[in-house]
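Okay, coords.txt is below, compact mmCIF, C-alpha atoms:
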# COMPACT_ATOMS: atom_id res chain seq x y z
CA MET A 702 107.89 98.67 155.73
CA SER A 703 111.06 100.45 154.57
CA GLY A 704 112.46 96.97 153.89
CA ARG A 705 109.46 96.29 151.69
CA ILE A 706 110.06 99.50 149.78
CA ALA A 707 113.75 98.66 149.40
CA SER A 708 112.79 95.23 147.99
CA LEU A 709 110.42 96.92 145.58
CA ILE A 710 113.11 99.28 144.37
CA LEU A 711 115.52 96.36 143.95
CA ALA A 712 112.92 94.41 142.00
CA LEU A 713 112.24 97.35 139.70
CA VAL A 714 115.94 97.93 139.14
CA LEU A 715 116.35 94.25 138.23
CA LEU A 716 113.32 94.32 135.94
CA THR A 717 114.64 97.30 134.00
CA GLY A 718 118.22 96.03 134.09
CA GLN A 719 118.60 94.97 130.43
CA GLN A 720 121.16 97.73 129.96
CA PRO A 721 123.69 99.32 132.29
CA VAL A 722 121.81 101.66 134.57
CA ARG A 723 123.84 104.68 133.62
CA TRP A 724 122.31 104.79 130.13
CA GLN A 725 118.78 104.74 131.46
CA SER A 726 118.85 107.11 134.38
CA LYS A 727 120.22 110.22 132.69
CA GLY A 728 119.03 112.52 129.96
CA SER A 729 122.35 112.17 128.19
CA ALA A 730 125.22 109.69 128.41
CA ASP A 731 128.05 110.61 130.69
CA GLY A 732 131.08 109.96 128.56
CA PHE A 733 133.31 110.96 131.45
CA ASP A 734 132.72 107.50 132.89
CA LEU A 735 135.23 106.51 130.19
CA VAL A 736 137.87 109.02 131.31
CA ASP A 737 140.36 108.86 134.18
CA LYS A 738 141.60 111.85 136.19
CA ALA A 739 144.44 112.54 133.78
CA GLY A 740 142.11 112.54 130.78
CA ASN A 741 142.96 109.10 129.42
CA ILE A 742 140.04 107.74 127.40
CA ARG A 743 138.95 104.10 127.52
CA ASN A 744 137.42 102.34 124.53
CA PRO A 745 133.68 102.11 125.31
CA SER A 746 132.25 98.58 125.38
CA ASP A 747 128.98 97.37 123.88
CA VAL A 748 128.80 100.28 121.46
CA ARG A 749 127.06 98.23 118.76
CA ASP A 750 124.51 96.95 121.26
CA LEU A 751 123.80 100.16 123.17
CA TYR A 752 124.65 103.21 121.06
CA ARG A 753 122.50 104.59 118.24
CA LEU A 754 123.49 105.11 114.63
CA LEU A 755 124.27 108.65 113.54
CA GLY A 756 125.10 107.65 109.99
CA THR A 757 127.38 105.94 107.51
CA TYR A 758 129.89 107.36 105.06
CA THR A 759 131.54 105.35 102.34
CA VAL A 760 134.92 106.64 101.26
CA GLU A 761 136.59 105.76 97.97
CA LEU A 762 140.27 105.61 98.74
CA ASP A 763 142.93 106.95 96.43
CA PRO A 764 144.39 105.15 94.50
CA LYS A 765 141.87 102.35 95.14
CA GLY A 766 139.77 100.54 97.70
CA GLU A 767 136.82 101.60 99.78
CA GLU A 768 136.12 102.10 103.46
CA MET A 769 132.85 102.34 105.33
CA HIS A 770 132.78 104.77 108.25
CA VAL A 771 129.95 104.08 110.69
CA THR A 772 129.33 106.61 113.46
CA TYR A 773 127.39 105.73 116.60
CA ALA A 774 126.38 108.10 119.40
CA SER A 775 125.55 107.54 123.05
CA PRO A 776 121.82 106.85 123.46
CA ASP A 777 120.21 110.27 123.84
CA ALA A 778 122.72 112.24 121.80
CA ALA A 779 120.54 112.77 118.73
CA LYS A 780 117.48 113.73 120.73
CA TYR A 781 119.47 116.43 122.53
CA TYR A 782 121.06 117.64 119.29
CA ARG A 783 117.71 118.04 117.52
CA LYS A 784 116.45 120.14 120.41
CA ASN A 785 119.55 122.24 121.05
CA GLY A 786 121.48 122.28 117.77
CA LYS A 787 124.61 120.90 119.42
CA PHE A 788 125.85 117.84 121.27
CA ALA A 789 125.47 117.70 125.05
CA ASP A 790 128.49 117.84 127.33
CA GLY A 791 129.52 114.22 127.88
CA THR A 792 128.18 112.90 124.57
CA VAL A 793 130.23 110.05 123.14
CA LEU A 794 130.67 109.59 119.40
CA VAL A 795 132.30 106.42 118.07
CA LYS A 796 133.36 105.99 114.47
CA GLU A 797 134.18 102.48 113.31
CA VAL A 798 136.16 102.30 110.09
CA PHE A 799 135.51 99.10 108.16
CA ALA A 800 137.04 97.47 105.13
CA THR A 801 134.32 96.53 102.63
CA ASP A 802 133.21 93.61 100.52
CA HIS A 803 130.98 93.83 97.49
CA ALA A 804 128.96 91.68 95.13
CA ALA A 805 126.32 91.97 92.45
CA MET A 806 122.88 91.81 94.08
CA THR A 807 119.38 92.01 92.65
CA THR A 808 119.27 95.81 93.00
CA GLY A 809 122.81 96.52 91.75
CA ASP A 810 126.42 96.18 92.90
CA ALA A 811 126.21 96.19 96.70
CA HIS A 812 128.94 97.12 99.19
CA TRP A 813 128.98 96.30 102.88
CA ALA A 814 131.20 96.43 105.96
CA SER A 815 133.59 93.57 106.59
CA ASP A 816 136.49 93.81 109.09
CA THR A 817 136.98 96.70 111.49
CA LYS A 818 140.21 98.61 110.92
CA VAL A 819 140.17 101.29 113.62
CA ARG A 820 137.79 103.00 115.96
CA PHE A 821 137.76 106.72 116.74
CA VAL A 822 136.16 108.04 119.92
CA MET A 823 135.19 111.63 120.69
CA ILE A 824 133.79 112.89 124.00
CA LYS A 825 132.14 116.31 124.14
CA ASP A 826 133.78 118.56 126.70
CA ASP A 827 132.27 122.00 127.20
CA LYS A 828 134.43 122.77 130.23
CA ASN A 829 138.00 122.36 129.00
CA ARG A 830 138.55 119.76 131.71
CA TYR A 831 142.03 118.60 130.71
CA PRO A 832 143.94 121.68 129.51
CA ASN A 833 147.31 119.95 129.88
CA ASN A 834 146.35 116.77 128.00
CA SER A 835 147.21 116.86 124.29
CA LEU A 836 144.20 114.64 123.45
CA TRP A 837 141.69 117.24 124.65
CA GLY A 838 140.80 120.52 122.98
CA ASP A 839 138.43 122.34 120.63
CA GLY A 840 135.52 121.12 122.73
CA TRP A 841 136.24 117.41 122.55
CA GLY A 842 138.40 114.60 123.87
CA TRP A 843 139.89 112.56 121.01
CA ALA A 844 141.00 108.92 120.98
CA LEU A 845 142.02 106.20 118.54
CA PHE A 846 141.98 102.43 118.97
CA LYS A 847 143.20 99.89 116.42
CA ALA A 848 141.31 96.66 115.79
CA ASP A 849 144.27 94.42 116.67
CA ALA A 850 144.72 96.07 120.11
CA PRO A 851 141.32 97.53 121.00
CA ASP A 852 142.24 98.36 124.60
CA LYS A 853 145.22 100.51 123.70
CA GLN A 854 144.63 104.19 122.96
CA VAL A 855 147.26 105.13 120.37
CA ALA A 856 146.72 108.79 119.48
CA THR A 857 149.24 111.16 121.07
CA ASP A 858 148.17 114.65 119.98
CA TYR A 859 144.70 115.39 118.63
CA LYS A 860 145.97 118.31 116.58
CA LYS A 861 148.32 116.03 114.66
CA ASP A 862 146.44 112.72 114.78
CA CYS A 863 142.78 113.77 114.51
CA LEU A 864 142.10 117.36 113.53
CA GLY A 865 143.41 117.11 109.98
CA CYS A 866 140.54 114.94 108.82
CA HIS A 867 138.00 117.02 110.76
CA LEU A 868 139.01 120.44 109.42
CA PRO A 869 136.27 120.52 106.72
CA ALA A 870 133.74 120.05 109.55
CA GLN A 871 135.06 122.83 111.78
CA SER A 872 131.98 125.01 111.27
CA THR A 873 129.69 122.20 112.46
CA GLY A 874 131.55 121.49 115.70
CA TRP A 875 134.14 119.24 114.01
CA VAL A 876 131.47 116.64 113.18
CA TYR A 877 130.25 115.74 109.66
CA VAL A 878 126.62 116.32 110.59
CA GLN A 879 125.34 116.48 106.99
CA GLY A 880 125.50 112.69 106.72
CA TYR A 881 123.57 112.02 109.92
CA PRO A 882 119.81 112.09 109.16
CA VAL A 883 118.80 111.44 112.78
CA LEU A 884 120.16 114.88 113.75
CA LYS A 885 117.48 116.43 111.54
CA SER A 886 114.48 114.22 112.24
CA LYS A 887 113.75 111.16 114.32
CA MET B 552 101.05 102.99 152.87
CA SER B 553 99.99 101.36 149.62
CA GLY B 554 99.54 104.90 148.29
CA ARG B 555 103.13 105.61 149.20
CA ILE B 556 104.28 102.50 147.34
CA ALA B 557 102.18 103.46 144.34
CA SER B 558 103.79 106.92 144.33
CA LEU B 559 107.19 105.31 144.53
CA ILE B 560 106.44 103.07 141.57
CA LEU B 561 105.15 106.05 139.61
CA ALA B 562 108.27 108.05 140.46
CA LEU B 563 110.52 105.19 139.36
CA VAL B 564 108.60 104.74 136.14
CA LEU B 565 108.95 108.45 135.42
CA LEU B 566 112.67 108.41 136.30
CA THR B 567 113.38 105.54 133.93
CA GLY B 568 110.94 106.82 131.34
CA GLN B 569 113.41 108.02 128.69
CA GLN B 570 112.20 105.26 126.40
CA PRO B 571 108.82 103.56 126.03
CA VAL B 572 108.52 100.98 128.78
CA ARG B 573 107.97 98.11 126.35
CA TRP B 574 111.61 98.25 125.18
CA GLN B 575 112.97 98.07 128.70
CA SER B 576 110.93 95.37 130.33
CA LYS B 577 111.47 92.52 127.86
CA GLY B 578 114.43 90.52 126.69
CA SER B 579 113.45 91.13 123.09
CA ALA B 580 111.20 93.63 121.41
CA ASP B 581 107.63 92.59 120.82
CA GLY B 582 107.05 93.55 117.24
CA PHE B 583 103.47 92.36 117.51
CA ASP B 584 102.69 95.63 119.29
CA LEU B 585 102.86 97.00 115.73
CA VAL B 586 100.34 94.51 114.33
CA ASP B 587 96.54 94.47 114.54
CA LYS B 588 94.37 91.36 114.69
CA ALA B 589 94.19 91.05 110.92
CA GLY B 590 97.96 91.24 110.54
CA ASN B 591 98.18 94.84 109.37
CA ILE B 592 101.60 96.28 110.23
CA ARG B 593 102.10 99.84 111.49
CA ASN B 594 105.23 101.83 110.72
CA PRO B 595 107.24 101.82 113.98
CA SER B 596 108.03 105.25 115.43
CA ASP B 597 111.31 106.48 116.88
CA VAL B 598 113.32 103.83 115.05
CA ARG B 599 116.37 106.07 114.68
CA ASP B 600 116.28 106.97 118.36
CA LEU B 601 115.54 103.55 119.83
CA TYR B 602 116.60 100.79 117.46
CA ARG B 603 120.18 99.60 116.95
CA LEU B 604 122.13 99.50 113.71
CA LEU B 605 122.54 96.14 112.02
CA GLY B 606 124.48 97.55 109.09
CA THR B 607 124.63 99.60 105.93
CA TYR B 608 124.72 98.57 102.30
CA THR B 609 125.45 100.93 99.46
CA VAL B 610 123.96 99.92 96.15
CA GLU B 611 125.13 101.21 92.79
CA LEU B 612 122.03 101.44 90.68
CA ASP B 613 121.90 100.47 87.05
CA PRO B 614 122.18 102.54 84.86
CA LYS B 615 123.35 105.13 87.40
CA GLY B 616 122.87 106.57 90.84
CA GLU B 617 123.47 105.16 94.29
CA GLU B 618 121.34 104.25 97.26
CA MET B 619 122.24 103.66 100.87
CA HIS B 620 120.30 100.93 102.67
CA VAL B 621 120.46 101.24 106.46
CA THR B 622 119.01 98.41 108.53
CA TYR B 623 118.04 98.86 112.16
CA ALA B 624 116.83 96.18 114.57
CA SER B 625 114.75 96.31 117.72
CA PRO B 626 117.00 96.79 120.77
CA ASP B 627 118.00 93.27 121.84
CA ALA B 628 117.82 91.63 118.43
CA ALA B 629 121.56 91.34 117.82
CA LYS B 630 122.29 90.04 121.31
CA TYR B 631 119.73 87.26 120.82
CA TYR B 632 121.03 86.47 117.33
CA ARG B 633 124.64 86.13 118.48
CA LYS B 634 123.54 83.66 121.15
CA ASN B 635 121.00 81.64 119.13
CA GLY B 636 122.04 82.03 115.49
CA LYS B 637 118.62 83.38 114.51
CA PHE B 638 116.29 86.28 115.21
CA ALA B 639 113.83 86.00 118.08
CA ASP B 640 110.11 85.75 117.43
CA GLY B 641 108.83 89.34 117.46
CA THR B 642 112.08 90.92 116.31
CA VAL B 643 111.55 94.01 114.14
CA LEU B 644 113.94 94.88 111.31
CA VAL B 645 113.62 98.23 109.57
CA LYS B 646 115.46 99.09 106.39
CA GLU B 647 115.57 102.74 105.37
CA VAL B 648 116.52 103.35 101.76
CA PHE B 649 118.23 106.71 101.25
CA ALA B 650 119.28 108.72 98.25
CA THR B 651 122.92 109.79 98.60
CA ASP B 652 125.07 112.87 98.25
CA HIS B 653 128.81 112.86 97.76
CA ALA B 654 131.80 115.18 97.83
CA ALA B 655 135.59 115.05 97.87
CA MET B 656 136.78 114.89 101.49
CA THR B 657 140.24 114.67 103.01
CA THR B 658 140.24 110.87 102.91
CA GLY B 659 138.72 110.43 99.43
CA ASP B 660 135.38 110.82 97.66
CA ALA B 661 132.79 110.40 100.41
CA HIS B 662 129.15 109.32 100.05
CA TRP B 663 126.42 109.75 102.64
CA ALA B 664 122.67 109.39 103.12
CA SER B 665 120.43 112.29 102.13
CA ASP B 666 116.64 111.91 101.73
CA THR B 667 114.69 108.81 102.73
CA LYS B 668 112.96 107.11 99.80
CA VAL B 669 111.16 104.16 101.38
CA ARG B 670 111.19 102.10 104.53
CA PHE B 671 110.82 98.31 104.68
CA VAL B 672 109.69 96.60 107.89
CA MET B 673 109.98 92.90 108.74
CA ILE B 674 108.61 91.25 111.88
CA LYS B 675 109.81 87.76 112.81
CA ASP B 676 106.93 85.32 113.14
CA ASP B 677 107.76 81.79 114.20
CA LYS B 678 104.11 80.80 114.66
CA ASN B 679 102.53 81.50 111.28
CA ARG B 680 100.07 83.81 113.01
CA TYR B 681 98.33 85.23 109.93
CA PRO B 682 98.01 82.37 107.40
CA ASN B 683 95.33 84.24 105.42
CA ASN B 684 97.22 87.53 105.15
CA SER B 685 99.32 87.88 101.99
CA LEU B 686 101.88 90.01 103.81
CA TRP B 687 102.87 87.20 106.16
CA GLY B 688 104.85 84.10 105.32
CA ASP B 689 108.26 82.43 105.22
CA GLY B 690 108.70 83.29 108.89
CA TRP B 691 108.17 87.02 108.64
CA GLY B 692 105.61 89.77 108.29
CA TRP B 693 106.55 92.15 105.47
CA ALA B 694 105.63 95.83 105.03
CA LEU B 695 106.56 98.83 102.92
CA PHE B 696 106.09 102.53 103.61
CA LYS B 697 106.98 105.38 101.26
CA ALA B 698 108.59 108.56 102.55
CA ASP B 699 105.81 110.83 101.24
CA ALA B 700 103.10 108.85 103.10
CA PRO B 701 104.86 107.16 106.01
CA ASP B 702 101.68 106.01 107.74
CA LYS B 703 100.38 104.08 104.74
CA GLN B 704 101.48 100.48 104.27
CA VAL B 705 101.57 99.93 100.50
CA ALA B 706 102.74 96.37 99.88
CA THR B 707 99.96 93.96 98.93
CA ASP B 708 101.65 90.57 98.57
CA TYR B 709 105.06 89.82 100.08
CA LYS B 710 105.79 87.20 97.44
CA LYS B 711 105.45 89.78 94.69
CA ASP B 712 106.51 92.97 96.47
CA CYS B 713 109.28 91.79 98.82
CA LEU B 714 110.64 88.31 98.26
CA GLY B 715 112.25 88.99 94.89
CA CYS B 716 115.00 91.14 96.40
CA HIS B 717 115.43 88.75 99.34
CA LEU B 718 115.87 85.54 97.32
CA PRO B 719 119.71 85.63 97.43
CA ALA B 720 119.41 85.69 101.25
CA GLN B 721 117.00 82.75 101.53
CA SER B 722 119.60 80.49 103.17
CA THR B 723 120.21 83.05 105.93
CA GLY B 724 116.56 83.49 106.89
CA TRP B 725 115.87 86.04 104.12
CA VAL B 726 118.21 88.58 105.74
CA TYR B 727 121.54 89.80 104.30
CA VAL B 728 123.40 88.96 107.50
CA GLN B 729 126.89 89.10 105.95
CA GLY B 730 126.79 92.92 106.04
CA TYR B 731 125.80 93.16 109.71
CA PRO B 732 128.95 92.99 111.87
CA VAL B 733 127.00 93.21 115.14
CA LEU B 734 125.51 89.76 114.47
CA LYS B 735 129.04 88.32 114.73
CA SER B 736 130.51 90.32 117.59
CA LYS B 737 129.37 93.11 119.86

File written out as structure tokens:
Amino acid sequence: MSGRIASLILALVLLTGQQPVRWQSKGSADGFDLVDKAGNIRNPSDVRDLYRLLGTYTVELDPKGEEMHVTYASPDAAKYYRKNGKFADGTVLVKEVFATDHAAMTTGDAHWASDTKVRFVMIKDDKNRYPNNSLWGDGWGWALFKADAPDKQVATDYKKDCLGCHLPAQSTGWVYVQGYPVLKSK
Amino acid sequence: MSGRIASLILALVLLTGQQPVRWQSKGSADGFDLVDKAGNIRNPSDVRDLYRLLGTYTVELDPKGEEMHVTYASPDAAKYYRKNGKFADGTVLVKEVFATDHAAMTTGDAHWASDTKVRFVMIKDDKNRYPNNSLWGDGWGWALFKADAPDKQVATDYKKDCLGCHLPAQSTGWVYVQGYPVLKSK
């Protein structure tokens, strides 16, 4: 009979197996699956298929041009944030920076994402797990991947490579939460 | 012993119960869960928490102002589209139209979504299920909900209320697929 129960468990696991099991069996994503013992961060796969949108910023570049910054979060990140006012330990945020195209549409001049330029990854770390790694600090792990070599993490020091652009968001945990409607209501 | 198996099933259902079961047990979402026998479409709940991003358009309004149009799809929609070059029967697309705020940021003038104005819903229908309902046709069900009364569907005729803005996208199944990177690569 224990064999029958084991078969039943296997069948149920297969039936619910549309997504990797780790996203379904926990209340929040465990971003540390992406991190090795030394603190090196891998580029998460299937972000567009599995993560949820936090929000989109468009940025008018100086002197000209425009980027679209799209930020995704691991599946239960927003739910936890709405309840607790902060991101859970292990939450993964991914920001894809896109070039844009535009054209006149029926409702006005429309702009949309074209090619990916770079991808930023942040992993929430409440326990200061990698004190000797220069890509971890201020409550997060920080990583940067370029579109032409997506497996190669290229940031070397989060204080130099990442924090500059996040300074205006220091009071909200280094994240630009004002542009993420899902953190306020589902 | 069958009681023990039933308890086991219940426990497993509870353990994997972070999301409604209907999203986990099927290869594609069944948007017809949102539709009654007459073809009336309900506003789907938990879209921001459960659906995936297709993409974002910003639209510069004439004479002035800007909107952000964010389109979400039911969970496996993009995966199916990449494989088959079209949306699966029952796929749900939701477009939230936001007002925007903007401010000078470190990388340039940045724009982001503020309040929701309206929400459009489309449900893919390959079988012409509701030939007598004026909100169904051209392969989709069409619906519109305003932010101040989100439970009330207010479109009356998709040809008058919806199709006008979708005409430029007729050749791509009435959907502006060029702005949705996830339909090209995950």

- request: Starting from chain A, keep only residues with some atom at most 7 Å from an atom of chain B, counting all atoms listed in the file, and report them as a VMD selection string.
  value: chain A and resid 706 716 to 717 719 725 to 726 747 749 to 750 753 to 754 757 to 763 807 to 815 866 880 883 887

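Using only C-alpha atoms, the smallest distance between any of A:Leu794, A:Ala789, A:Val819, A:Val876 and Lys847 of chain A comes from A:Val819.
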
Among the residues A:Arg783, A:Leu735, A:Lys861, A:Asn741, the one that comes closest to Asn833 of chain A [using all atoms listed in the file]: A:Asn741

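Straight-line separation from atom CA of Asp790 of chain A to atom CA of Leu845 of chain A: 19.9 Å.
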
field: One-decimal distance in Å that lies between atom CA of Asp702 of chain B and atom CA of Ala650 of chain B
entry: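 So the two atoms, atom CA of Ala650 of chain B and atom CA of Asp702 of chain B, lie 20.2 Å apart.
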
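Atom CA of Arg670 of chain B to atom CA of Gly724 of chain B spans 19.5 Å [interatomic distance, one decimal].
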
Polymer residues at most 7 Å from Gly740 of chain A, all atoms listed in the file, same-chain spacing of 2 or more positions, as a JSON list (two decimals) with C-alpha atoms, in the coordinates of the input:
[["chain", "number", "residue", "atom", "x", "y", "z"],
["A", 736, "VAL", "CA", 137.87, 109.02, 131.31],
["A", 737, "ASP", "CA", 140.36, 108.86, 134.18],
["A", 738, "LYS", "CA", 141.60, 111.85, 136.19],
["A", 742, "ILE", "CA", 140.04, 107.74, 127.40],
["A", 831, "TYR", "CA", 142.03, 118.60, 130.71],
["A", 834, "ASN", "CA", 146.35, 116.77, 128.00]]
